[in-house]
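Below is the file start.cif, which contains mmCIF, N, CA and C atoms.
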```cif
data_coords
#
loop_
_atom_site.label_atom_id
_atom_site.label_comp_id
_atom_site.auth_asym_id
_atom_site.auth_seq_id
_atom_site.Cartn_x
_atom_site.Cartn_y
_atom_site.Cartn_z
N MET A 1 0.82 -1.19 0.00
CA MET A 1 0.00 0.00 0.00
C MET A 1 0.87 1.26 0.00
N VAL A 2 1.86 1.32 0.89
CA VAL A 2 2.75 2.47 0.96
C VAL A 2 3.54 2.60 -0.34
N HIS A 3 3.98 1.47 -0.87
CA HIS A 3 4.74 1.48 -2.11
C HIS A 3 3.90 2.03 -3.26
N ALA A 4 2.69 1.51 -3.41
CA ALA A 4 1.82 1.96 -4.49
C ALA A 4 1.49 3.44 -4.36
N LEU A 5 1.21 3.89 -3.15
CA LEU A 5 0.89 5.30 -2.93
C LEU A 5 2.08 6.19 -3.27
N SER A 6 3.27 5.79 -2.83
CA SER A 6 4.45 6.61 -3.13
C SER A 6 4.73 6.64 -4.63
N ILE A 7 4.52 5.52 -5.30
CA ILE A 7 4.73 5.46 -6.76
C ILE A 7 3.78 6.43 -7.46
N TRP A 8 2.50 6.36 -7.14
CA TRP A 8 1.52 7.20 -7.84
C TRP A 8 1.65 8.67 -7.47
N LEU A 9 2.09 8.97 -6.27
CA LEU A 9 2.37 10.37 -5.93
C LEU A 9 3.57 10.89 -6.72
N LEU A 10 4.57 10.03 -6.91
CA LEU A 10 5.72 10.42 -7.74
C LEU A 10 5.31 10.62 -9.19
N VAL A 11 4.49 9.72 -9.72
CA VAL A 11 4.04 9.85 -11.11
C VAL A 11 3.30 11.18 -11.27
N ALA A 12 2.36 11.46 -10.36
CA ALA A 12 1.60 12.71 -10.45
C ALA A 12 2.51 13.93 -10.26
N GLY A 13 3.44 13.84 -9.31
CA GLY A 13 4.33 14.96 -9.04
C GLY A 13 5.26 15.26 -10.20
N PHE A 14 5.90 14.22 -10.75
CA PHE A 14 6.80 14.45 -11.88
C PHE A 14 6.03 14.89 -13.12
N PHE A 15 4.85 14.32 -13.35
CA PHE A 15 4.07 14.73 -14.51
C PHE A 15 3.63 16.19 -14.37
N GLY A 16 3.16 16.55 -13.18
CA GLY A 16 2.73 17.94 -12.96
C GLY A 16 3.88 18.92 -13.09
N ALA A 17 5.01 18.60 -12.46
CA ALA A 17 6.19 19.48 -12.54
C ALA A 17 6.68 19.56 -13.98
N GLY A 18 6.66 18.43 -14.68
CA GLY A 18 7.10 18.41 -16.08
C GLY A 18 6.21 19.25 -16.96
N LEU A 19 4.91 19.13 -16.76
CA LEU A 19 3.97 19.92 -17.54
C LEU A 19 4.17 21.41 -17.27
N PHE A 20 4.33 21.74 -16.01
CA PHE A 20 4.54 23.14 -15.61
C PHE A 20 5.82 23.69 -16.23
N ASN A 21 6.90 22.92 -16.18
CA ASN A 21 8.17 23.37 -16.76
C ASN A 21 8.11 23.39 -18.28
N ALA A 22 7.43 22.42 -18.88
CA ALA A 22 7.34 22.36 -20.34
C ALA A 22 6.51 23.51 -20.90
N ILE A 23 5.48 23.93 -20.17
CA ILE A 23 4.69 25.09 -20.61
C ILE A 23 5.56 26.33 -20.59
N GLY A 24 6.44 26.41 -19.61
CA GLY A 24 7.42 27.50 -19.55
C GLY A 24 6.80 28.86 -19.29
N THR A 25 6.08 28.99 -18.19
CA THR A 25 5.50 30.28 -17.82
C THR A 25 6.63 31.31 -17.66
N PRO A 26 6.31 32.59 -17.73
CA PRO A 26 7.35 33.61 -17.55
C PRO A 26 8.09 33.48 -16.21
N GLY A 27 7.37 33.13 -15.15
CA GLY A 27 8.02 32.95 -13.86
C GLY A 27 9.00 31.79 -13.86
N THR A 28 8.60 30.71 -14.50
CA THR A 28 9.48 29.53 -14.60
C THR A 28 10.72 29.87 -15.41
N GLN A 29 10.52 30.53 -16.54
CA GLN A 29 11.67 30.88 -17.38
C GLN A 29 12.60 31.86 -16.67
N SER A 30 12.04 32.76 -15.88
CA SER A 30 12.91 33.71 -15.16
C SER A 30 13.70 33.00 -14.06
N ASP A 31 13.08 31.99 -13.42
CA ASP A 31 13.82 31.20 -12.43
C ASP A 31 15.01 30.51 -13.09
N PHE A 32 14.76 29.84 -14.21
CA PHE A 32 15.85 29.13 -14.90
C PHE A 32 16.93 30.11 -15.37
N ALA A 33 16.53 31.27 -15.87
CA ALA A 33 17.51 32.28 -16.31
C ALA A 33 18.32 32.79 -15.12
N ARG A 34 17.65 33.02 -13.99
CA ARG A 34 18.35 33.50 -12.79
C ARG A 34 19.38 32.47 -12.31
N TRP A 35 19.08 31.20 -12.54
CA TRP A 35 20.01 30.15 -12.13
C TRP A 35 21.12 29.92 -13.15
N GLY A 36 21.08 30.65 -14.27
CA GLY A 36 22.15 30.56 -15.26
C GLY A 36 21.92 29.54 -16.37
N TYR A 37 20.72 29.03 -16.49
CA TYR A 37 20.42 28.06 -17.54
C TYR A 37 19.92 28.77 -18.79
N PRO A 38 20.11 28.15 -19.96
CA PRO A 38 19.60 28.77 -21.19
C PRO A 38 18.07 28.82 -21.19
N ARG A 39 17.52 29.63 -22.05
CA ARG A 39 16.08 29.86 -22.12
C ARG A 39 15.29 28.57 -22.34
N TRP A 40 15.82 27.65 -23.10
CA TRP A 40 15.11 26.42 -23.45
C TRP A 40 15.22 25.35 -22.36
N TRP A 41 15.99 25.59 -21.33
CA TRP A 41 16.26 24.56 -20.33
C TRP A 41 15.00 24.10 -19.59
N SER A 42 14.04 24.99 -19.39
CA SER A 42 12.81 24.59 -18.70
C SER A 42 12.03 23.58 -19.55
N PHE A 43 12.06 23.75 -20.87
CA PHE A 43 11.37 22.79 -21.75
C PHE A 43 12.04 21.42 -21.69
N PHE A 44 13.38 21.42 -21.70
CA PHE A 44 14.15 20.18 -21.61
C PHE A 44 13.88 19.49 -20.27
N THR A 45 13.93 20.25 -19.19
CA THR A 45 13.67 19.70 -17.86
C THR A 45 12.26 19.14 -17.78
N GLY A 46 11.29 19.88 -18.32
CA GLY A 46 9.91 19.41 -18.33
C GLY A 46 9.76 18.10 -19.07
N GLY A 47 10.43 17.98 -20.20
CA GLY A 47 10.40 16.73 -20.96
C GLY A 47 10.98 15.57 -20.18
N LEU A 48 12.10 15.81 -19.51
CA LEU A 48 12.71 14.76 -18.68
C LEU A 48 11.79 14.35 -17.53
N GLU A 49 11.12 15.33 -16.93
CA GLU A 49 10.22 15.02 -15.81
C GLU A 49 9.00 14.22 -16.27
N ILE A 50 8.46 14.56 -17.43
CA ILE A 50 7.33 13.79 -17.96
C ILE A 50 7.78 12.38 -18.32
N MET A 51 8.96 12.25 -18.93
CA MET A 51 9.50 10.93 -19.24
C MET A 51 9.70 10.13 -17.95
N CYS A 52 10.17 10.77 -16.92
CA CYS A 52 10.37 10.13 -15.63
C CYS A 52 9.04 9.60 -15.09
N ALA A 53 7.99 10.40 -15.18
CA ALA A 53 6.66 9.98 -14.71
C ALA A 53 6.19 8.73 -15.44
N VAL A 54 6.37 8.71 -16.76
CA VAL A 54 5.95 7.55 -17.55
C VAL A 54 6.76 6.32 -17.16
N LEU A 55 8.07 6.48 -17.02
CA LEU A 55 8.93 5.34 -16.65
C LEU A 55 8.57 4.79 -15.27
N ILE A 56 8.26 5.66 -14.33
CA ILE A 56 7.88 5.21 -12.99
C ILE A 56 6.53 4.51 -13.02
N ALA A 57 5.62 4.98 -13.86
CA ALA A 57 4.28 4.39 -13.93
C ALA A 57 4.28 2.96 -14.47
N LEU A 58 5.26 2.65 -15.30
CA LEU A 58 5.33 1.31 -15.91
C LEU A 58 6.24 0.41 -15.08
N PRO A 59 5.72 -0.69 -14.55
CA PRO A 59 6.53 -1.54 -13.67
C PRO A 59 7.85 -2.00 -14.30
N ALA A 60 7.85 -2.28 -15.59
CA ALA A 60 9.07 -2.79 -16.24
C ALA A 60 10.20 -1.76 -16.26
N SER A 61 9.85 -0.48 -16.22
CA SER A 61 10.88 0.56 -16.29
C SER A 61 10.96 1.41 -15.02
N ARG A 62 10.31 0.95 -13.98
CA ARG A 62 10.20 1.74 -12.75
C ARG A 62 11.56 2.07 -12.14
N VAL A 63 12.47 1.12 -12.10
CA VAL A 63 13.79 1.37 -11.49
C VAL A 63 14.53 2.45 -12.26
N VAL A 64 14.45 2.40 -13.59
CA VAL A 64 15.09 3.42 -14.42
C VAL A 64 14.45 4.79 -14.16
N GLY A 65 13.11 4.81 -14.05
CA GLY A 65 12.41 6.05 -13.77
C GLY A 65 12.78 6.64 -12.43
N LEU A 66 12.90 5.78 -11.42
CA LEU A 66 13.30 6.26 -10.09
C LEU A 66 14.73 6.81 -10.12
N ALA A 67 15.61 6.15 -10.87
CA ALA A 67 16.99 6.64 -10.97
C ALA A 67 17.02 7.98 -11.71
N LEU A 68 16.26 8.11 -12.79
CA LEU A 68 16.19 9.38 -13.51
C LEU A 68 15.60 10.46 -12.62
N GLY A 69 14.56 10.12 -11.89
CA GLY A 69 13.95 11.08 -10.97
C GLY A 69 14.92 11.53 -9.90
N ALA A 70 15.68 10.60 -9.36
CA ALA A 70 16.68 10.95 -8.34
C ALA A 70 17.74 11.88 -8.92
N ALA A 71 18.16 11.64 -10.16
CA ALA A 71 19.15 12.51 -10.81
C ALA A 71 18.59 13.91 -11.04
N ILE A 72 17.34 13.99 -11.48
CA ILE A 72 16.70 15.29 -11.72
C ILE A 72 16.60 16.07 -10.41
N ILE A 73 16.14 15.40 -9.36
CA ILE A 73 15.97 16.07 -8.07
C ILE A 73 17.32 16.47 -7.47
N THR A 74 18.32 15.62 -7.63
CA THR A 74 19.66 15.97 -7.15
C THR A 74 20.18 17.23 -7.84
N ALA A 75 20.02 17.30 -9.16
CA ALA A 75 20.45 18.48 -9.90
C ALA A 75 19.69 19.72 -9.44
N ALA A 76 18.40 19.56 -9.18
CA ALA A 76 17.59 20.69 -8.72
C ALA A 76 18.03 21.15 -7.33
N VAL A 77 18.30 20.20 -6.44
CA VAL A 77 18.74 20.57 -5.08
C VAL A 77 20.09 21.30 -5.14
N VAL A 78 21.01 20.79 -5.93
CA VAL A 78 22.31 21.45 -6.07
C VAL A 78 22.13 22.87 -6.62
N THR A 79 21.25 23.02 -7.61
CA THR A 79 21.01 24.34 -8.20
C THR A 79 20.46 25.32 -7.18
N VAL A 80 19.42 24.93 -6.46
CA VAL A 80 18.81 25.89 -5.52
C VAL A 80 19.71 26.16 -4.32
N LEU A 81 20.50 25.19 -3.91
CA LEU A 81 21.45 25.44 -2.82
C LEU A 81 22.57 26.37 -3.28
N ARG A 82 23.07 26.14 -4.47
CA ARG A 82 24.15 26.98 -5.00
C ARG A 82 23.71 28.44 -5.12
N HIS A 83 22.43 28.65 -5.46
CA HIS A 83 21.92 30.01 -5.64
C HIS A 83 21.15 30.51 -4.42
N ARG A 84 21.18 29.73 -3.35
CA ARG A 84 20.52 30.08 -2.08
C ARG A 84 19.06 30.46 -2.29
N ASP A 85 18.40 29.71 -3.16
CA ASP A 85 16.98 29.91 -3.45
C ASP A 85 16.20 28.88 -2.64
N LEU A 86 16.24 29.03 -1.34
CA LEU A 86 15.79 28.00 -0.41
C LEU A 86 14.28 27.73 -0.44
N SER A 87 13.50 28.61 -1.03
CA SER A 87 12.06 28.40 -1.08
C SER A 87 11.69 27.16 -1.90
N HIS A 88 12.58 26.71 -2.77
CA HIS A 88 12.32 25.53 -3.59
C HIS A 88 12.68 24.23 -2.88
N LEU A 89 13.30 24.31 -1.71
CA LEU A 89 13.76 23.08 -1.05
C LEU A 89 12.62 22.23 -0.48
N VAL A 90 11.52 22.84 -0.07
CA VAL A 90 10.43 22.05 0.52
C VAL A 90 9.83 21.07 -0.50
N PRO A 91 9.42 21.53 -1.69
CA PRO A 91 8.90 20.54 -2.64
C PRO A 91 9.95 19.52 -3.08
N LEU A 92 11.20 19.96 -3.19
CA LEU A 92 12.25 19.02 -3.55
C LEU A 92 12.44 17.97 -2.45
N GLY A 93 12.31 18.40 -1.20
CA GLY A 93 12.40 17.46 -0.08
C GLY A 93 11.29 16.42 -0.12
N VAL A 94 10.10 16.84 -0.55
CA VAL A 94 8.99 15.88 -0.69
C VAL A 94 9.32 14.84 -1.75
N PHE A 95 9.89 15.28 -2.88
CA PHE A 95 10.30 14.34 -3.93
C PHE A 95 11.36 13.37 -3.40
N VAL A 96 12.33 13.88 -2.66
CA VAL A 96 13.39 13.02 -2.10
C VAL A 96 12.76 11.98 -1.18
N ALA A 97 11.86 12.40 -0.31
CA ALA A 97 11.22 11.47 0.61
C ALA A 97 10.39 10.42 -0.13
N LEU A 98 9.66 10.82 -1.16
CA LEU A 98 8.85 9.86 -1.91
C LEU A 98 9.70 8.87 -2.69
N ILE A 99 10.80 9.34 -3.26
CA ILE A 99 11.70 8.42 -3.98
C ILE A 99 12.30 7.42 -3.01
N ALA A 100 12.75 7.88 -1.85
CA ALA A 100 13.31 6.97 -0.84
C ALA A 100 12.25 5.99 -0.35
N LEU A 101 11.05 6.47 -0.11
CA LEU A 101 9.96 5.60 0.35
C LEU A 101 9.60 4.56 -0.70
N ALA A 102 9.53 4.97 -1.95
CA ALA A 102 9.21 4.03 -3.03
C ALA A 102 10.27 2.94 -3.12
N GLU A 103 11.51 3.32 -2.99
CA GLU A 103 12.60 2.34 -3.09
C GLU A 103 12.65 1.43 -1.87
N MET A 104 12.49 1.99 -0.68
CA MET A 104 12.59 1.17 0.54
C MET A 104 11.38 0.26 0.73
N SER A 105 10.24 0.63 0.18
CA SER A 105 9.02 -0.15 0.42
C SER A 105 8.73 -1.16 -0.68
N ARG A 106 9.59 -1.28 -1.67
CA ARG A 106 9.27 -2.15 -2.79
C ARG A 106 9.42 -3.63 -2.48
N GLY A 107 10.07 -3.97 -1.42
CA GLY A 107 10.19 -5.37 -1.03
C GLY A 107 11.33 -6.07 -1.74
N PRO A 108 11.52 -7.35 -1.42
CA PRO A 108 12.62 -8.11 -2.03
C PRO A 108 12.36 -8.36 -3.51
N THR A 109 13.43 -8.41 -4.25
CA THR A 109 13.32 -8.73 -5.68
C THR A 109 14.02 -10.05 -5.93
N LEU A 110 13.54 -10.76 -6.91
CA LEU A 110 14.13 -12.03 -7.28
C LEU A 110 15.19 -11.80 -8.34
N PRO A 111 16.24 -12.64 -8.36
CA PRO A 111 17.23 -12.52 -9.42
C PRO A 111 16.58 -12.75 -10.78
N ILE A 112 17.21 -12.23 -11.81
CA ILE A 112 16.69 -12.38 -13.17
C ILE A 112 16.47 -13.87 -13.46
N GLY A 113 15.33 -14.21 -13.99
CA GLY A 113 15.02 -15.59 -14.36
C GLY A 113 14.25 -16.34 -13.28
N LEU A 114 14.18 -15.81 -12.06
CA LEU A 114 13.48 -16.47 -10.97
C LEU A 114 12.22 -15.70 -10.61
N HIS A 115 11.19 -15.89 -11.40
CA HIS A 115 9.97 -15.14 -11.21
C HIS A 115 8.83 -16.04 -10.74
N GLY A 116 9.13 -16.95 -9.84
CA GLY A 116 8.10 -17.80 -9.26
C GLY A 116 7.72 -18.99 -10.14
N ARG A 117 8.45 -19.23 -11.21
CA ARG A 117 8.16 -20.36 -12.08
C ARG A 117 9.22 -21.43 -11.92
N CYS A 118 8.82 -22.62 -12.01
CA CYS A 118 9.76 -23.74 -11.92
C CYS A 118 10.50 -23.86 -13.25
N SER A 119 11.81 -23.83 -13.20
CA SER A 119 12.60 -23.87 -14.43
C SER A 119 12.56 -25.27 -15.07
N ALA A 120 12.14 -26.27 -14.34
CA ALA A 120 12.07 -27.62 -14.89
C ALA A 120 10.76 -27.84 -15.65
N GLY A 121 9.89 -26.86 -15.62
CA GLY A 121 8.63 -26.98 -16.35
C GLY A 121 7.59 -27.79 -15.62
N LEU A 122 7.74 -28.02 -14.32
CA LEU A 122 6.78 -28.81 -13.56
C LEU A 122 5.62 -28.02 -13.11
#
```

What would you get if you wrote out this structure as structure tokens?
Amino acid sequence: MVHALSIWLLVAGFFGAGLFNAIGTPGTQSDFARWGYPRWWSFFTGGLEIMCAVLIALPASRVVGLALGAAIITAAVVTVLRHRDLSHLVPLGVFVALIALAEMSRGPTLPIGLHGRCSAGL
């Protein structure tokens, strides 16, 4: 239950943030410019965030999506800390907590090829 909830909150969060960044409102573009990124960077970031949401939503690519999400959030945290724009740390902290929760609550995984089927065909 906790795992599923954290996954779907991440999907919604990354999709929403991606859509917001991809639309590129004047406030969003001014934030990116103030941080020293090119004008198009918000569109690129938005695309990555939407891709992350899709990858997390699909069980087969969830681990890749979580890794991409962690990289995006790490870059964002470094950016806002470097520029002392601390107002952005609260939502980023929520993303960090949800990624950690999703990873810690996923349970044990089986090695490749051991998915509950008997390899002898019995």

Query raised in the report: Expanded to explicit residues, what is the PyMOL selection byres ((chain A and resi 17-31) around 8) for this file, as a ChimeraX atom specification?
Result: /A:11-16,32-51

**Report entry** 7 Å contact set for Val2 of chain A, all atoms listed in the file, chain neighbours under 5 positions out, as JSON, numbers by chain
**Finding:** {"A": [7, 101, 102, 105]}

Query raised in the report: Expanded to explicit residues, what is the PyMOL selection byres ((chain A and resi 93-100) around 7) for this file, as JSON, numbers by chain?
Result: {"A": [6, 7, 10, 66, 73, 88, 89, 90, 91, 92, 101, 102, 103, 104, 105]}

Requested in this report: Can you list, as JSON, numbers by chain, all residues belonging to chain A that DSSP tags as alpha helix (DSSP H)?
Outcome: {"A": [2, 3, 4, 5, 6, 7, 8, 9, 10, 11, 12, 13, 14, 15, 16, 17, 18, 19, 20, 21, 22, 23, 26, 27, 28, 29, 30, 31, 32, 33, 34, 41, 42, 43, 44, 45, 46, 47, 48, 49, 50, 51, 52, 53, 54, 55, 56, 57, 62, 63, 64, 65, 66, 67, 68, 69, 70, 71, 72, 73, 74, 75, 76, 77, 78, 79, 80, 81, 82, 89, 90, 91, 92, 93, 94, 95, 96, 97, 98, 99, 100, 101, 102, 103, 104]}

Query raised in the report: So what do you get for atom CA of Arg84 of chain A versus atom CA of Gly65 of chain A, distance-wise?
Result: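 Atom CA of Gly65 of chain A lies 27.9 Å from atom CA of Arg84 of chain A.
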
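Between atom CA of Val54 of chain A and atom CA of His3 of chain A the interatomic distance comes to 16.6 Å.
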
Requested in this report: Could you please determine the separation between atom C of Leu9 of chain A and atom CA of Ile56 of chain A in Å, to one decimal place?
Outcome: 9.5 Å

Coordinates of box centre and edge lengths for segment 93-97 of chain A, 5 Å on every side, axis-aligned, as JSON:
```
{"center_x": 11.2, "center_y": 14.4, "center_z": -1.7, "size_x": 14.4, "size_y": 18.0, "size_z": 14.5}
```
